[in-house]
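Asks: I am attaching a structure below and will ask some questions about it afterwards.
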Amino acid sequence: MEKGLLSVQHVRKSFGGVTAVKDVSLELGEGTLTMLIGPNGSGKTTLLNIISGVIEPDSGRIVFKGRDITRLYPHERYRYGIARSFQVPQLFTSLSVLENVLVSSRLYLEEDALGILFTNSWALKDWDQAQKAFEILSLLKLDHLWDAPARALSGGQMKLLELARALMSDPKLMLLDEPLAGVNPALAHEIMQALRRARDELGVSFLIVEHRLDLASKYVDFVYAMNQGTVISSGTPDEVFEDPMVVESLLGG
Ligand SMILES: Nc1ncnc2c1ncn2[C@@H]1O[C@H](COP(=O)(O)OP(=O)(O)OP(=O)(O)O)[C@@H](O)[C@H]1O
């Protein structure tokens, strides 16, 4: 497995009497698509939160691009190249698809994002940013909807739009919590294909938590399987889904 982008080392986190994550280690390489699987309560979301910086681990280290980021705040990690998206997309529903992407660009956030929202002053402000937004929208096959209000999109398209917004910040690693939840199978395949295109064309690595193994597994490079707070198996999808430990504990025999 290619290594080197993210290294999670012996991470542990308890909530009161519950140890959600027990001595978890994992490695992600650049430009890879990795899926984190496990039954409910196995610690997947807690691990994602520890990597994005929302939750501080009790012990262990997070190393990103060779630097120890364990004590950095989420916004510092974001600037450093770790983006996170949520199950429910956080969009400006009355703005157009393109405007949603432009508002998220780092350039605009570092300026006066609210002022821009109220004055539409991005319109001719920065052609490069608009061009970049269009490139990302076309990579995700949303370019034909550029002028539609975000509220007119389907649930799956909203997830793609949220992904487009996150890609404007040039992340090296994107953490996605159940990107396929509630999405119909056709769009779920489109989302997985879009992740692969972003991996291939932008060099982004993805770590996705996903329960829809049948849909997602054919698109990912690597799988980590968790159970009761520990990693019980890792490798290519074939290796992990044939591992007797995984068959026994996650796939119900
Ligand atoms: N803030 C919290 N306070 C107390 N317990 C928590 C907290 N967050 C998670 N837990 C507990 O830690 C364990 C792991 O939870 P986590 O949400 O990480 O699992 P998960 O694998 O993401 O589950 P799911 O697939 O259902 O989302 C569970 O027992 C959960 O109840």
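Identifiers for the structure tokens are assigned positionally: chains receive A, B, ... in sequence, residues are indexed from 1 per chain, and ligands are indexed from 1 in the order shown.
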Counting only C-alpha atoms and all ligand atoms, give me one row per residue of chain A with an atom at most 12 Å from an atom of ligand 1, showing the shortest contact pair and its distance in Å to one decimal, sorted by chain then residue number, as CSV.

Replies:
residue,atom,partner,partner_atom_place_in_ligand_line,distance
A:Arg12,CA,ligand 1,12 (O),11.3
A:Lys13,CA,ligand 1,12 (O),8.6
A:Ser14,CA,ligand 1,12 (O),7.4
A:Phe15,CA,ligand 1,4 (C),4.7
A:Gly16,CA,ligand 1,4 (C),6.8
A:Gly17,CA,ligand 1,5 (N),8.5
A:Val18,CA,ligand 1,12 (O),6.1
A:Thr19,CA,ligand 1,12 (O),6.5
A:Ala20,CA,ligand 1,12 (O),3.9
A:Val21,CA,ligand 1,14 (C),7.1
A:Lys22,CA,ligand 1,14 (C),10.3
A:Leu36,CA,ligand 1,21 (O),9.1
A:Ile37,CA,ligand 1,21 (O),7.8
A:Gly38,CA,ligand 1,21 (O),6.0
A:Pro39,CA,ligand 1,25 (O),5.7
A:Asn40,CA,ligand 1,26 (O),3.5
A:Gly41,CA,ligand 1,19 (O),3.4
A:Ser42,CA,ligand 1,21 (O),3.8
A:Gly43,CA,ligand 1,18 (O),3.2
A:Lys44,CA,ligand 1,21 (O),3.9
A:Thr45,CA,ligand 1,22 (O),3.6
A:Thr46,CA,ligand 1,18 (O),3.7
A:Leu47,CA,ligand 1,18 (O),6.5
A:Leu48,CA,ligand 1,18 (O),8.1
A:Asn49,CA,ligand 1,18 (O),8.4
A:Ile50,CA,ligand 1,18 (O),9.9
A:Val54,CA,ligand 1,1 (N),10.7
A:Ile55,CA,ligand 1,1 (N),8.9
A:Glu56,CA,ligand 1,1 (N),11.4
A:Phe86,CA,ligand 1,27 (O),11.9
A:Gln87,CA,ligand 1,27 (O),10.5
A:Leu176,CA,ligand 1,22 (O),11.8
A:Asp177,CA,ligand 1,27 (O),8.5
A:Glu178,CA,ligand 1,27 (O),8.7
A:Ala181,CA,ligand 1,27 (O),11.3
A:Ile208,CA,ligand 1,22 (O),11.3
A:Val209,CA,ligand 1,22 (O),7.9
A:Glu210,CA,ligand 1,25 (O),8.2
A:His211,CA,ligand 1,25 (O),7.4
A:Arg212,CA,ligand 1,25 (O),11.1
A:Ala225,CA,ligand 1,21 (O),10.1
A:Met226,CA,ligand 1,21 (O),7.7
A:Asn227,CA,ligand 1,21 (O),8.0
A:Gln228,CA,ligand 1,14 (C),7.7
A:Gly229,CA,ligand 1,14 (C),6.9
A:Thr230,CA,ligand 1,21 (O),10.4
A:Val231,CA,ligand 1,21 (O),11.3
A:Leu250,CA,ligand 1,25 (O),11.7

Asks: I'd like the contact shell of A:Ile69 - 12 Å cut-off, only C-alpha atoms, skipping same-chain residues fewer than 3 positions apart - returned as a VMD selection string.

Replies: chain A and resid 6 to 9 50 to 53 56 to 57 60 to 66 72 to 82

Asks: Mind giving me the straight-line distance from atom CA of A:Ala148 to atom CA of A:Val101 in Å, one decimal?

Replies: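 Atom CA of A:Ala148 sits 12.4 Å away from atom CA of A:Val101.
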
Asks: So, with only C-alpha atoms as the atoms that count, which of A:Ala194, A:Leu26, A:Leu207, A:Leu202 lies closest to A:Leu175?

Replies: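 Closest to A:Leu175 of all the choices is A:Leu207.
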
Asks: What parts of stretch 166-253 of chain A does DSSP call strand (DSSP E)? I'd like the answer as number ranges by chain.

Replies: A: 173-177, 205-209, 222-227, 230-235

Asks: Restricting the output to N, CA and C atoms, write the selected residues as an mmCIF file, in the first residue's frame.

Replies:
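The new file result12.cif reads:
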data_model
loop_
_atom_site.group_PDB
_atom_site.id
_atom_site.type_symbol
_atom_site.label_atom_id
_atom_site.label_comp_id
_atom_site.auth_asym_id
_atom_site.auth_seq_id
_atom_site.Cartn_x
_atom_site.Cartn_y
_atom_site.Cartn_z
ATOM 1 N N LEU A 173 -6.839 15.713 1.486
ATOM 2 C CA LEU A 173 -7.585 14.597 2.075
ATOM 3 C C LEU A 173 -9.004 15.050 2.356
ATOM 4 N N MET A 174 -9.974 14.265 1.885
ATOM 5 C CA MET A 174 -11.369 14.557 2.205
ATOM 6 C C MET A 174 -11.941 13.417 3.029
ATOM 7 N N LEU A 175 -12.616 13.785 4.122
ATOM 8 C CA LEU A 175 -13.256 12.818 4.998
ATOM 9 C C LEU A 175 -14.756 12.902 4.746
ATOM 10 N N LEU A 176 -15.364 11.809 4.349
ATOM 11 C CA LEU A 176 -16.793 11.827 4.019
ATOM 12 C C LEU A 176 -17.533 10.823 4.895
ATOM 13 N N ASP A 177 -18.595 11.307 5.555
ATOM 14 C CA ASP A 177 -19.388 10.439 6.418
ATOM 15 C C ASP A 177 -20.629 9.996 5.654
ATOM 16 N N SER A 205 -7.040 12.438 -1.829
ATOM 17 C CA SER A 205 -7.310 11.160 -1.168
ATOM 18 C C SER A 205 -8.627 11.266 -0.422
ATOM 19 N N PHE A 206 -9.343 10.161 -0.376
ATOM 20 C CA PHE A 206 -10.620 10.141 0.342
ATOM 21 C C PHE A 206 -10.601 9.054 1.400
ATOM 22 N N LEU A 207 -11.166 9.391 2.566
ATOM 23 C CA LEU A 207 -11.482 8.374 3.566
ATOM 24 C C LEU A 207 -12.983 8.474 3.790
ATOM 25 N N ILE A 208 -13.704 7.423 3.377
ATOM 26 C CA ILE A 208 -15.162 7.504 3.482
ATOM 27 C C ILE A 208 -15.671 6.430 4.444
ATOM 28 N N VAL A 209 -16.593 6.855 5.313
ATOM 29 C CA VAL A 209 -17.325 5.893 6.139
ATOM 30 C C VAL A 209 -18.568 5.532 5.341
ATOM 31 N N PHE A 222 -8.740 0.744 -1.034
ATOM 32 C CA PHE A 222 -8.429 0.051 0.225
ATOM 33 C C PHE A 222 -9.627 0.100 1.162
ATOM 34 N N VAL A 223 -9.632 -0.866 2.064
ATOM 35 C CA VAL A 223 -10.699 -0.928 3.077
ATOM 36 C C VAL A 223 -10.053 -1.142 4.449
ATOM 37 N N TYR A 224 -10.551 -0.397 5.443
ATOM 38 C CA TYR A 224 -10.247 -0.696 6.842
ATOM 39 C C TYR A 224 -11.546 -1.124 7.494
ATOM 40 N N ALA A 225 -11.530 -2.252 8.185
ATOM 41 C CA ALA A 225 -12.724 -2.737 8.871
ATOM 42 C C ALA A 225 -12.535 -2.591 10.374
ATOM 43 N N MET A 226 -13.516 -1.956 11.021
ATOM 44 C CA MET A 226 -13.457 -1.779 12.478
ATOM 45 C C MET A 226 -14.547 -2.599 13.153
ATOM 46 N N ASN A 227 -14.271 -3.026 14.364
ATOM 47 C CA ASN A 227 -15.287 -3.638 15.208
ATOM 48 C C ASN A 227 -14.927 -3.330 16.651
ATOM 49 N N THR A 230 -11.713 -1.272 17.377
ATOM 50 C CA THR A 230 -10.384 -1.634 16.863
ATOM 51 C C THR A 230 -10.458 -1.963 15.371
ATOM 52 N N VAL A 231 -9.309 -1.842 14.694
ATOM 53 C CA VAL A 231 -9.227 -2.259 13.289
ATOM 54 C C VAL A 231 -9.031 -3.773 13.287
ATOM 55 N N ILE A 232 -9.977 -4.495 12.650
ATOM 56 C CA ILE A 232 -9.854 -5.959 12.636
ATOM 57 C C ILE A 232 -9.305 -6.476 11.314
ATOM 58 N N SER A 233 -9.302 -5.621 10.264
ATOM 59 C CA SER A 233 -8.773 -6.069 8.986
ATOM 60 C C SER A 233 -8.496 -4.858 8.113
ATOM 61 N N SER A 234 -7.509 -4.968 7.215
ATOM 62 C CA SER A 234 -7.272 -3.899 6.249
ATOM 63 C C SER A 234 -6.607 -4.484 5.018
ATOM 64 N N GLY A 235 -6.817 -3.813 3.888
ATOM 65 C CA GLY A 235 -6.215 -4.281 2.636
ATOM 66 C C GLY A 235 -7.079 -3.884 1.464
#

Asks: Can you tell me, as a CSV table (one decimal) with C-alpha atoms, in the first residue's frame, which residues in stretch 49-245 of chain A count as helix (DSSP H, G or I) by DSSP?

Replies:
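After the write, out16.csv holds the following:
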chain,number,residue,atom,x,y,z
A,49,ASN,CA,-13.8,13.3,14.1
A,50,ILE,CA,-10.3,12.7,15.6
A,51,ILE,CA,-8.7,13.0,12.1
A,52,SER,CA,-10.6,16.3,11.3
A,74,PRO,CA,-10.1,21.8,12.8
A,75,HIS,CA,-9.7,25.1,10.9
A,76,GLU,CA,-5.9,24.8,11.0
A,77,ARG,CA,-6.2,21.3,9.6
A,78,TYR,CA,-8.6,22.6,6.9
A,79,ARG,CA,-6.0,25.1,5.9
A,80,TYR,CA,-3.4,22.4,5.8
A,97,VAL,CA,-25.0,26.0,-7.9
A,98,LEU,CA,-22.0,28.1,-9.1
A,99,GLU,CA,-22.5,30.7,-6.4
A,100,ASN,CA,-22.4,28.0,-3.8
A,101,VAL,CA,-19.1,26.8,-5.1
A,102,LEU,CA,-17.7,30.4,-5.4
A,103,VAL,CA,-18.7,31.4,-1.9
A,104,SER,CA,-16.7,28.4,-0.5
A,106,ARG,CA,-10.8,29.9,0.2
A,107,LEU,CA,-10.1,33.2,-1.4
A,108,TYR,CA,-13.6,34.4,-0.7
A,109,LEU,CA,-13.7,33.0,2.8
A,110,GLU,CA,-10.5,34.8,3.6
A,113,ALA,CA,-17.7,36.1,2.7
A,114,LEU,CA,-20.9,37.7,4.1
A,115,GLY,CA,-20.3,41.0,2.2
A,116,ILE,CA,-19.9,38.9,-0.9
A,117,LEU,CA,-23.1,37.1,-0.3
A,118,PHE,CA,-25.1,40.3,0.1
A,119,THR,CA,-23.6,42.2,-2.7
A,127,TRP,CA,-12.3,35.0,-13.3
A,128,ASP,CA,-9.7,32.4,-12.2
A,129,GLN,CA,-11.9,31.3,-9.3
A,130,ALA,CA,-15.0,31.1,-11.6
A,131,GLN,CA,-13.0,29.0,-14.1
A,132,LYS,CA,-11.8,26.7,-11.3
A,133,ALA,CA,-15.4,26.4,-10.0
A,134,PHE,CA,-16.6,25.4,-13.5
A,135,GLU,CA,-13.8,22.8,-13.9
A,136,ILE,CA,-14.8,21.2,-10.6
A,137,LEU,CA,-18.5,21.3,-11.5
A,138,SER,CA,-17.8,19.6,-14.8
A,139,LEU,CA,-15.5,17.0,-13.1
A,143,ASP,CA,-21.8,22.0,-14.8
A,144,HIS,CA,-25.1,21.9,-16.7
A,145,LEU,CA,-26.9,22.9,-13.5
A,150,ALA,CA,-29.3,24.7,-5.0
A,151,ARG,CA,-32.7,24.0,-3.5
A,152,ALA,CA,-33.8,22.5,-6.9
A,155,GLY,CA,-30.4,14.9,-2.5
A,156,GLY,CA,-27.6,13.1,-4.3
A,157,GLN,CA,-26.8,16.2,-6.4
A,158,MET,CA,-26.6,18.3,-3.2
A,159,LYS,CA,-24.0,15.9,-1.9
A,160,LEU,CA,-22.0,16.3,-5.1
A,161,LEU,CA,-22.4,20.1,-4.8
A,162,GLU,CA,-21.1,19.9,-1.2
A,163,LEU,CA,-18.1,17.9,-2.5
A,164,ALA,CA,-17.5,20.6,-5.2
A,165,ARG,CA,-17.5,23.3,-2.5
A,166,ALA,CA,-15.0,21.4,-0.5
A,167,LEU,CA,-12.8,20.8,-3.5
A,185,PRO,CA,-28.4,3.4,-6.6
A,186,ALA,CA,-27.9,5.2,-10.0
A,187,LEU,CA,-26.8,8.4,-8.3
A,188,ALA,CA,-24.8,6.4,-5.7
A,189,HIS,CA,-22.7,5.0,-8.6
A,190,GLU,CA,-22.3,8.5,-10.0
A,191,ILE,CA,-21.0,9.8,-6.6
A,192,MET,CA,-18.5,7.0,-6.4
A,193,GLN,CA,-17.4,7.7,-10.0
A,194,ALA,CA,-17.0,11.4,-9.1
A,195,LEU,CA,-14.8,10.5,-6.2
A,196,ARG,CA,-12.6,8.5,-8.5
A,197,ARG,CA,-12.3,11.3,-11.0
A,198,ALA,CA,-11.4,13.7,-8.2
A,199,ARG,CA,-8.8,11.2,-7.0
A,200,ASP,CA,-7.3,10.8,-10.5
A,201,GLU,CA,-7.5,14.3,-11.8
A,202,LEU,CA,-7.0,16.4,-8.6
A,213,LEU,CA,-20.7,-2.0,0.9
A,214,ASP,CA,-22.2,-3.5,-2.2
A,215,LEU,CA,-22.3,-0.1,-4.0
A,216,ALA,CA,-19.0,1.4,-2.7
A,237,PRO,CA,-11.6,-4.8,-0.9
A,238,ASP,CA,-11.0,-8.5,-2.0
A,239,GLU,CA,-8.6,-9.2,0.8
A,240,VAL,CA,-10.9,-7.6,3.5
A,241,PHE,CA,-14.2,-9.1,2.3
A,242,GLU,CA,-12.6,-12.5,2.2
A,244,PRO,CA,-12.8,-14.7,8.0
A,245,MET,CA,-12.8,-12.1,10.8
